[in-house]
Amino acid sequence: MEIIEGAPAPAFDMPTDGGGQVSLDGLKGQWVALYFYPKADTPGCTNESKDFSALKTAFGRVNAVVIGVSKDPVKKLDRFKDKHELNITLASDEGGDVCERYGVWGEKTLYGRKFMGIERATFLIDPEGQVRRVWRKVKVPGHAQAVLDAVNGA
């Protein structure tokens, strides 16, 4: 499935770190930066999550929340968040349903080996639930700031 800018964001309802729950319906009225990352506690995913955490206050000033999504179980997300002192919401899509709806689950290649995994991607959802911006095949350096800049420019 290909998510395009201007389309309604696919619904989601996922468990989060700390025993919480997050849904698109529950976030209506706020900007949502929904970023998908392959696996908790790997170098790129750690750096991306730290970058978003460092900008949490700035996102809050523009009525935006940041949610990181992976297929990791909640217990792993709790350890990841504690270990790296992250302050953003991390959601678990263990079954992969949300990844499928956002079109980020697919074949990847690393060192010539093919496998299924999550494409690093971010979706900026406006307060009415429309996808305003899509970043695919994200490169981590500077990405969190680019997402914040997009909210500020909207």
# chains A, B, ... in the order shown; residues from 1 in each chain; ligands from 1
$ residues_around --residues "Ala150 in chain A" --least-positions-apart "6" --cutoff "10 Å" --atoms "only C-alpha atoms" --output "ChimeraX atom specification"
/A:124,132-133,144
$ residues_around --residues "Lys139 in chain A" --least-positions-apart "3" --cutoff "10 Å" --atoms "only C-alpha atoms" --output "ChimeraX atom specification"
/A:44,48,120-121,135-136,142-143
$ write_last_selection --atoms "C-alpha atoms" --output "short mmCIF file (atom, residue, chain, number, x, y, z; two decimals), in the first residue's frame"
data_model
loop_
_atom_site.label_atom_id
_atom_site.label_comp_id
_atom_site.auth_asym_id
_atom_site.auth_seq_id
_atom_site.Cartn_x
_atom_site.Cartn_y
_atom_site.Cartn_z
CA GLY A 44 20.46 4.06 13.45
CA GLU A 48 16.84 8.63 15.30
CA ARG A 120 12.64 3.63 7.89
CA ALA A 121 9.85 6.10 7.06
CA TRP A 135 9.49 10.64 4.06
CA ARG A 136 10.62 7.26 2.67
CA GLY A 142 18.95 15.86 10.35
CA HIS A 143 15.68 13.99 9.83
#
$ residues_around --residues "Tyr37 in chain A" --least-positions-apart "6" --cutoff "12 Å" --atoms "only C-alpha atoms" --output "PyMOL selection string"
chain A and resi 43-49+67-72+90-93+99+104-105+117-123+136-140
$ write_last_selection --atoms "C-alpha atoms" --output "PDB file, in the first residue's frame"
ATOM      1  CA  PRO A  43      22.616   2.263  16.042  1.00  0.00           C
ATOM      2  CA  GLY A  44      20.464   4.060  13.451  1.00  0.00           C
ATOM      3  CA  CYS A  45      17.235   3.522  15.357  1.00  0.00           C
ATOM      4  CA  THR A  46      18.831   4.694  18.595  1.00  0.00           C
ATOM      5  CA  ASN A  47      20.165   7.866  16.978  1.00  0.00           C
ATOM      6  CA  GLU A  48      16.840   8.627  15.303  1.00  0.00           C
ATOM      7  CA  SER A  49      14.944   8.144  18.577  1.00  0.00           C
ATOM      8  CA  ILE A  67       5.443   8.364  18.040  1.00  0.00           C
ATOM      9  CA  GLY A  68       8.075   5.796  17.107  1.00  0.00           C
ATOM     10  CA  VAL A  69       6.797   2.461  15.784  1.00  0.00           C
ATOM     11  CA  SER A  70       8.573  -0.871  15.474  1.00  0.00           C
ATOM     12  CA  LYS A  71       7.607  -4.532  15.693  1.00  0.00           C
ATOM     13  CA  ASP A  72       9.485  -4.877  18.975  1.00  0.00           C
ATOM     14  CA  LEU A  90       7.294   4.193  21.471  1.00  0.00           C
ATOM     15  CA  ALA A  91       4.546   1.959  20.074  1.00  0.00           C
ATOM     16  CA  SER A  92       4.651  -1.777  19.467  1.00  0.00           C
ATOM     17  CA  ASP A  93       3.226  -3.173  16.226  1.00  0.00           C
ATOM     18  CA  CYS A  99       3.317  -1.447   9.258  1.00  0.00           C
ATOM     19  CA  VAL A 104       6.578   0.157   5.369  1.00  0.00           C
ATOM     20  CA  TRP A 105       6.881  -3.648   5.652  1.00  0.00           C
ATOM     21  CA  GLY A 117      11.784  -5.738   7.455  1.00  0.00           C
ATOM     22  CA  ILE A 118      10.549  -2.247   8.243  1.00  0.00           C
ATOM     23  CA  GLU A 119      11.536   0.572   5.917  1.00  0.00           C
ATOM     24  CA  ARG A 120      12.643   3.634   7.889  1.00  0.00           C
ATOM     25  CA  ALA A 121       9.851   6.101   7.058  1.00  0.00           C
ATOM     26  CA  THR A 122       7.979   9.009   8.661  1.00  0.00           C
ATOM     27  CA  PHE A 123       4.436  10.252   8.144  1.00  0.00           C
ATOM     28  CA  ARG A 136      10.622   7.259   2.673  1.00  0.00           C
ATOM     29  CA  LYS A 137      14.027   5.586   2.998  1.00  0.00           C
ATOM     30  CA  VAL A 138      14.932   8.066   5.721  1.00  0.00           C
ATOM     31  CA  LYS A 139      18.545   8.959   6.417  1.00  0.00           C
ATOM     32  CA  VAL A 140      18.804   9.650  10.159  1.00  0.00           C
TER      33      VAL A 140
END
$ residues_around --residues "Gly26 in chain A" --least-positions-apart "2" --cutoff "12 Å" --atoms "only C-alpha atoms" --output "list in words"
Ala11, Phe12, Asp13, Met14, Gln21, Val22, Ser23, Leu24, Lys28, Gly29, Gln30, Trp31, Val32, Val65, Pro127, Glu128 and Gly129 of chain A
$ write_last_selection --atoms "all heavy atoms" --output "short mmCIF file (atom, residue, chain, number, x, y, z; two decimals), in the first residue's frame"
data_model
loop_
_atom_site.label_atom_id
_atom_site.label_comp_id
_atom_site.auth_asym_id
_atom_site.auth_seq_id
_atom_site.Cartn_x
_atom_site.Cartn_y
_atom_site.Cartn_z
N ALA A 11 -5.90 4.36 10.21
CA ALA A 11 -6.11 4.29 11.65
C ALA A 11 -5.07 3.37 12.28
O ALA A 11 -4.57 2.44 11.64
CB ALA A 11 -7.51 3.77 11.94
N PHE A 12 -4.76 3.65 13.54
CA PHE A 12 -3.90 2.75 14.30
C PHE A 12 -4.31 2.80 15.76
O PHE A 12 -4.89 3.77 16.23
CB PHE A 12 -2.41 3.08 14.14
CG PHE A 12 -2.02 4.47 14.57
CD1 PHE A 12 -1.79 4.78 15.91
CD2 PHE A 12 -1.86 5.48 13.63
CE1 PHE A 12 -1.41 6.06 16.31
CE2 PHE A 12 -1.48 6.76 14.01
CZ PHE A 12 -1.26 7.05 15.35
N ASP A 13 -4.03 1.72 16.45
CA ASP A 13 -4.28 1.60 17.88
C ASP A 13 -3.27 0.57 18.37
O ASP A 13 -3.38 -0.62 18.04
CB ASP A 13 -5.71 1.14 18.14
CG ASP A 13 -6.10 1.22 19.61
OD1 ASP A 13 -5.21 1.46 20.46
OD2 ASP A 13 -7.29 1.03 19.91
N MET A 14 -2.25 1.03 19.10
CA MET A 14 -1.15 0.16 19.50
C MET A 14 -0.80 0.32 20.97
O MET A 14 -0.93 1.41 21.52
CB MET A 14 0.10 0.50 18.67
CG MET A 14 -0.03 0.29 17.19
SD MET A 14 1.45 0.88 16.28
CE MET A 14 1.14 2.64 16.23
N GLN A 21 -1.37 3.07 25.67
CA GLN A 21 -2.04 2.77 24.41
C GLN A 21 -2.09 4.06 23.61
O GLN A 21 -2.28 5.14 24.19
CB GLN A 21 -3.46 2.26 24.69
CG GLN A 21 -4.13 1.55 23.56
CD GLN A 21 -3.64 0.13 23.32
OE1 GLN A 21 -3.00 -0.47 24.18
NE2 GLN A 21 -3.91 -0.39 22.15
N VAL A 22 -1.92 3.99 22.30
CA VAL A 22 -2.00 5.18 21.46
C VAL A 22 -2.82 4.85 20.22
O VAL A 22 -2.67 3.77 19.63
CB VAL A 22 -0.60 5.72 21.09
CG1 VAL A 22 0.16 4.77 20.18
CG2 VAL A 22 -0.70 7.10 20.46
N SER A 23 -3.71 5.78 19.85
CA SER A 23 -4.52 5.59 18.65
C SER A 23 -4.59 6.91 17.88
O SER A 23 -4.46 7.98 18.47
CB SER A 23 -5.93 5.13 19.01
OG SER A 23 -6.64 6.17 19.64
N LEU A 24 -4.81 6.80 16.59
CA LEU A 24 -4.95 8.01 15.79
C LEU A 24 -6.17 8.81 16.26
O LEU A 24 -6.09 10.03 16.38
CB LEU A 24 -5.07 7.66 14.30
CG LEU A 24 -5.13 8.84 13.34
CD1 LEU A 24 -3.90 9.73 13.47
CD2 LEU A 24 -5.28 8.35 11.91
N LYS A 28 -6.51 13.14 17.62
CA LYS A 28 -7.18 14.16 16.79
C LYS A 28 -6.97 15.53 17.42
O LYS A 28 -6.97 15.68 18.64
CB LYS A 28 -8.67 13.88 16.68
CG LYS A 28 -9.02 12.73 15.78
CD LYS A 28 -9.13 13.13 14.35
CE LYS A 28 -9.76 12.00 13.56
NZ LYS A 28 -9.14 11.69 12.35
N GLY A 29 -6.76 16.52 16.58
CA GLY A 29 -6.53 17.88 17.05
C GLY A 29 -5.06 18.21 17.26
O GLY A 29 -4.74 19.35 17.58
N GLN A 30 -4.20 17.24 17.07
CA GLN A 30 -2.75 17.46 17.20
C GLN A 30 -2.05 17.01 15.92
O GLN A 30 -2.54 16.14 15.21
CB GLN A 30 -2.17 16.61 18.34
CG GLN A 30 -2.70 16.92 19.71
CD GLN A 30 -2.09 15.97 20.72
OE1 GLN A 30 -0.97 16.15 21.14
NE2 GLN A 30 -2.83 14.94 21.08
N TRP A 31 -0.90 17.57 15.67
CA TRP A 31 -0.02 17.07 14.63
C TRP A 31 0.61 15.78 15.16
O TRP A 31 0.91 15.69 16.35
CB TRP A 31 1.08 18.06 14.31
CG TRP A 31 0.60 19.24 13.53
CD1 TRP A 31 0.14 20.42 14.02
CD2 TRP A 31 0.54 19.34 12.11
NE1 TRP A 31 -0.22 21.24 13.00
CE2 TRP A 31 0.02 20.60 11.80
CE3 TRP A 31 0.87 18.48 11.07
CZ2 TRP A 31 -0.18 21.03 10.50
CZ3 TRP A 31 0.68 18.90 9.77
CH2 TRP A 31 0.15 20.17 9.50
N VAL A 32 0.82 14.81 14.29
CA VAL A 32 1.45 13.55 14.68
C VAL A 32 2.60 13.25 13.73
O VAL A 32 2.42 13.19 12.51
CB VAL A 32 0.44 12.37 14.63
CG1 VAL A 32 1.13 11.06 15.01
CG2 VAL A 32 -0.76 12.64 15.53
N VAL A 65 2.92 15.69 18.45
CA VAL A 65 3.45 14.57 19.22
C VAL A 65 4.26 13.68 18.28
O VAL A 65 4.02 13.63 17.08
CB VAL A 65 2.34 13.74 19.90
CG1 VAL A 65 1.60 14.56 20.93
CG2 VAL A 65 1.38 13.16 18.88
N PRO A 127 -3.80 17.77 12.21
CA PRO A 127 -4.79 17.61 13.29
C PRO A 127 -6.14 17.03 12.85
O PRO A 127 -6.89 16.54 13.68
CB PRO A 127 -4.96 19.05 13.83
CG PRO A 127 -3.65 19.70 13.54
CD PRO A 127 -3.24 19.14 12.21
N GLU A 128 -6.42 17.05 11.56
CA GLU A 128 -7.67 16.47 11.06
C GLU A 128 -7.50 15.03 10.60
O GLU A 128 -8.45 14.41 10.13
CB GLU A 128 -8.22 17.30 9.89
CG GLU A 128 -8.78 18.65 10.32
CD GLU A 128 -7.68 19.67 10.62
OE1 GLU A 128 -6.71 19.77 9.84
OE2 GLU A 128 -7.78 20.35 11.66
N GLY A 129 -6.28 14.49 10.69
CA GLY A 129 -6.06 13.09 10.32
C GLY A 129 -5.64 12.86 8.89
O GLY A 129 -5.68 11.74 8.40
#
$ select_by_dssp --residues "chain A" --states "alpha helix (DSSP H)" --output "PyMOL selection string"
chain A and resi 43-54+56-61+74-84+97-101+143-153
$ write_last_selection --atoms "C-alpha atoms" --output "short mmCIF file (atom, residue, chain, number, x, y, z; two decimals), in the first residue's frame"
data_model
loop_
_atom_site.label_atom_id
_atom_site.label_comp_id
_atom_site.auth_asym_id
_atom_site.auth_seq_id
_atom_site.Cartn_x
_atom_site.Cartn_y
_atom_site.Cartn_z
CA PRO A 43 22.62 2.26 16.04
CA GLY A 44 20.46 4.06 13.45
CA CYS A 45 17.23 3.52 15.36
CA THR A 46 18.83 4.69 18.59
CA ASN A 47 20.17 7.87 16.98
CA GLU A 48 16.84 8.63 15.30
CA SER A 49 14.94 8.14 18.58
CA LYS A 50 17.45 10.31 20.48
CA ASP A 51 17.09 13.05 17.84
CA PHE A 52 13.30 13.05 18.12
CA SER A 53 13.56 13.00 21.94
CA ALA A 54 15.87 16.02 21.89
CA LYS A 56 10.17 16.81 22.01
CA THR A 57 9.68 20.21 23.65
CA ALA A 58 9.89 22.00 20.30
CA PHE A 59 7.30 19.60 18.82
CA GLY A 60 5.07 20.23 21.85
CA ARG A 61 5.21 23.99 21.27
CA VAL A 74 6.58 -3.56 24.64
CA LYS A 75 9.08 -4.95 27.17
CA LYS A 76 11.92 -4.35 24.70
CA LEU A 77 10.63 -0.81 24.07
CA ASP A 78 10.63 -0.16 27.83
CA ARG A 79 14.28 -1.27 28.09
CA PHE A 80 15.23 0.75 24.99
CA LYS A 81 13.55 3.88 26.33
CA ASP A 82 15.15 3.55 29.79
CA LYS A 83 18.62 2.71 28.47
CA HIS A 84 18.77 5.77 26.19
CA ASP A 97 -0.77 -4.66 10.96
CA VAL A 98 0.07 -0.96 11.19
CA CYS A 99 3.32 -1.45 9.26
CA GLU A 100 1.31 -3.13 6.50
CA ARG A 101 -1.31 -0.33 6.41
CA HIS A 143 15.68 13.99 9.83
CA ALA A 144 13.96 14.86 13.13
CA GLN A 145 14.71 18.55 12.53
CA ALA A 146 13.32 18.28 8.97
CA VAL A 147 10.06 16.86 10.35
CA LEU A 148 9.85 19.69 12.92
CA ASP A 149 10.54 22.22 10.17
CA ALA A 150 7.69 20.72 8.11
CA VAL A 151 5.26 21.15 11.04
CA ASN A 152 6.45 24.73 11.53
CA GLY A 153 6.02 25.46 7.83
#
$ atom_distance --atom1 "CA of Lys39 in chain A" --atom2 "CA of Pro73 in chain A"
10.3 Å
$ residues_around --residues "Glu107 in chain A" --least-positions-apart "4" --cutoff "7 Å" --atoms "only C-alpha atoms" --output "MDAnalysis selection string"
chainID A and resid 114:117
$ write_last_selection --atoms "N, CA and C atoms" --output "tab-separated table (two decimals), in the first residue's frame"
chain	number	residue	atom	x	y	z
A	114	LYS	N	18.67	-10.90	1.18
A	114	LYS	CA	17.31	-10.37	1.17
A	114	LYS	C	16.55	-10.87	2.39
A	115	PHE	N	15.76	-9.98	2.98
A	115	PHE	CA	14.95	-10.34	4.14
A	115	PHE	C	13.79	-9.36	4.24
A	116	MET	N	12.80	-9.70	5.06
A	116	MET	CA	11.65	-8.83	5.26
A	116	MET	C	11.93	-7.93	6.47
A	117	GLY	N	11.54	-6.66	6.35
A	117	GLY	CA	11.78	-5.74	7.46
A	117	GLY	C	11.03	-4.44	7.27
$ select_by_dssp --residues "chain A" --states "strand (DSSP E)" --output "mmCIF file with C-alpha atoms, in the first residue's frame"
data_model
loop_
_atom_site.group_PDB
_atom_site.id
_atom_site.type_symbol
_atom_site.label_atom_id
_atom_site.label_comp_id
_atom_site.auth_asym_id
_atom_site.auth_seq_id
_atom_site.Cartn_x
_atom_site.Cartn_y
_atom_site.Cartn_z
ATOM 1 C CA ASP A 13 -4.276 1.596 17.881
ATOM 2 C CA MET A 14 -1.146 0.159 19.496
ATOM 3 C CA PRO A 15 0.258 -0.633 22.931
ATOM 4 C CA GLN A 21 -2.041 2.772 24.406
ATOM 5 C CA VAL A 22 -2.004 5.179 21.463
ATOM 6 C CA SER A 23 -4.520 5.592 18.647
ATOM 7 C CA TRP A 31 -0.023 17.066 14.627
ATOM 8 C CA VAL A 32 1.446 13.545 14.680
ATOM 9 C CA ALA A 33 4.949 12.644 13.546
ATOM 10 C CA LEU A 34 4.649 8.864 13.137
ATOM 11 C CA TYR A 35 8.042 7.379 12.434
ATOM 12 C CA PHE A 36 8.740 3.727 11.687
ATOM 13 C CA ALA A 64 2.739 17.993 17.740
ATOM 14 C CA VAL A 65 3.451 14.569 19.221
ATOM 15 C CA VAL A 66 6.097 12.100 18.104
ATOM 16 C CA ILE A 67 5.443 8.364 18.040
ATOM 17 C CA GLY A 68 8.075 5.796 17.107
ATOM 18 C CA VAL A 69 6.797 2.461 15.784
ATOM 19 C CA SER A 70 8.573 -0.871 15.474
ATOM 20 C CA THR A 89 6.177 7.532 22.898
ATOM 21 C CA LEU A 90 7.294 4.193 21.471
ATOM 22 C CA ALA A 91 4.546 1.959 20.074
ATOM 23 C CA SER A 92 4.651 -1.777 19.467
ATOM 24 C CA TRP A 105 6.881 -3.648 5.652
ATOM 25 C CA GLY A 106 8.708 -5.194 2.734
ATOM 26 C CA GLU A 107 11.755 -6.843 1.287
ATOM 27 C CA LYS A 108 15.100 -5.301 2.152
ATOM 28 C CA THR A 109 18.637 -6.142 1.110
ATOM 29 C CA LEU A 110 21.730 -5.947 3.295
ATOM 30 C CA ARG A 113 21.069 -10.867 1.640
ATOM 31 C CA LYS A 114 17.311 -10.366 1.167
ATOM 32 C CA PHE A 115 14.955 -10.335 4.144
ATOM 33 C CA MET A 116 11.647 -8.827 5.262
ATOM 34 C CA GLY A 117 11.784 -5.738 7.455
ATOM 35 C CA ILE A 118 10.549 -2.247 8.243
ATOM 36 C CA ALA A 121 9.851 6.101 7.058
ATOM 37 C CA THR A 122 7.979 9.009 8.661
ATOM 38 C CA PHE A 123 4.436 10.252 8.144
ATOM 39 C CA LEU A 124 3.370 13.716 9.239
ATOM 40 C CA ILE A 125 -0.352 13.684 10.031
ATOM 41 C CA VAL A 131 -1.220 12.790 5.742
ATOM 42 C CA ARG A 132 0.595 16.059 5.050
ATOM 43 C CA ARG A 133 4.101 14.773 4.349
ATOM 44 C CA VAL A 134 5.793 11.416 3.726
ATOM 45 C CA TRP A 135 9.492 10.639 4.058
#
$ atom_distance --atom1 "CA of Ala40 in chain A" --atom2 "CA of Tyr111 in chain A"
20.6 Å
$ atom_distance --atom1 "CA of Pro8 in chain A" --atom2 "CA of Asp25 in chain A"
12.1 Å
$ closest_residue --among "A:Gly103, A:Asp17, A:Gly112, A:Thr42" --to "Ile3 in chain A" --atoms "only C-alpha atoms"
A:Gly103
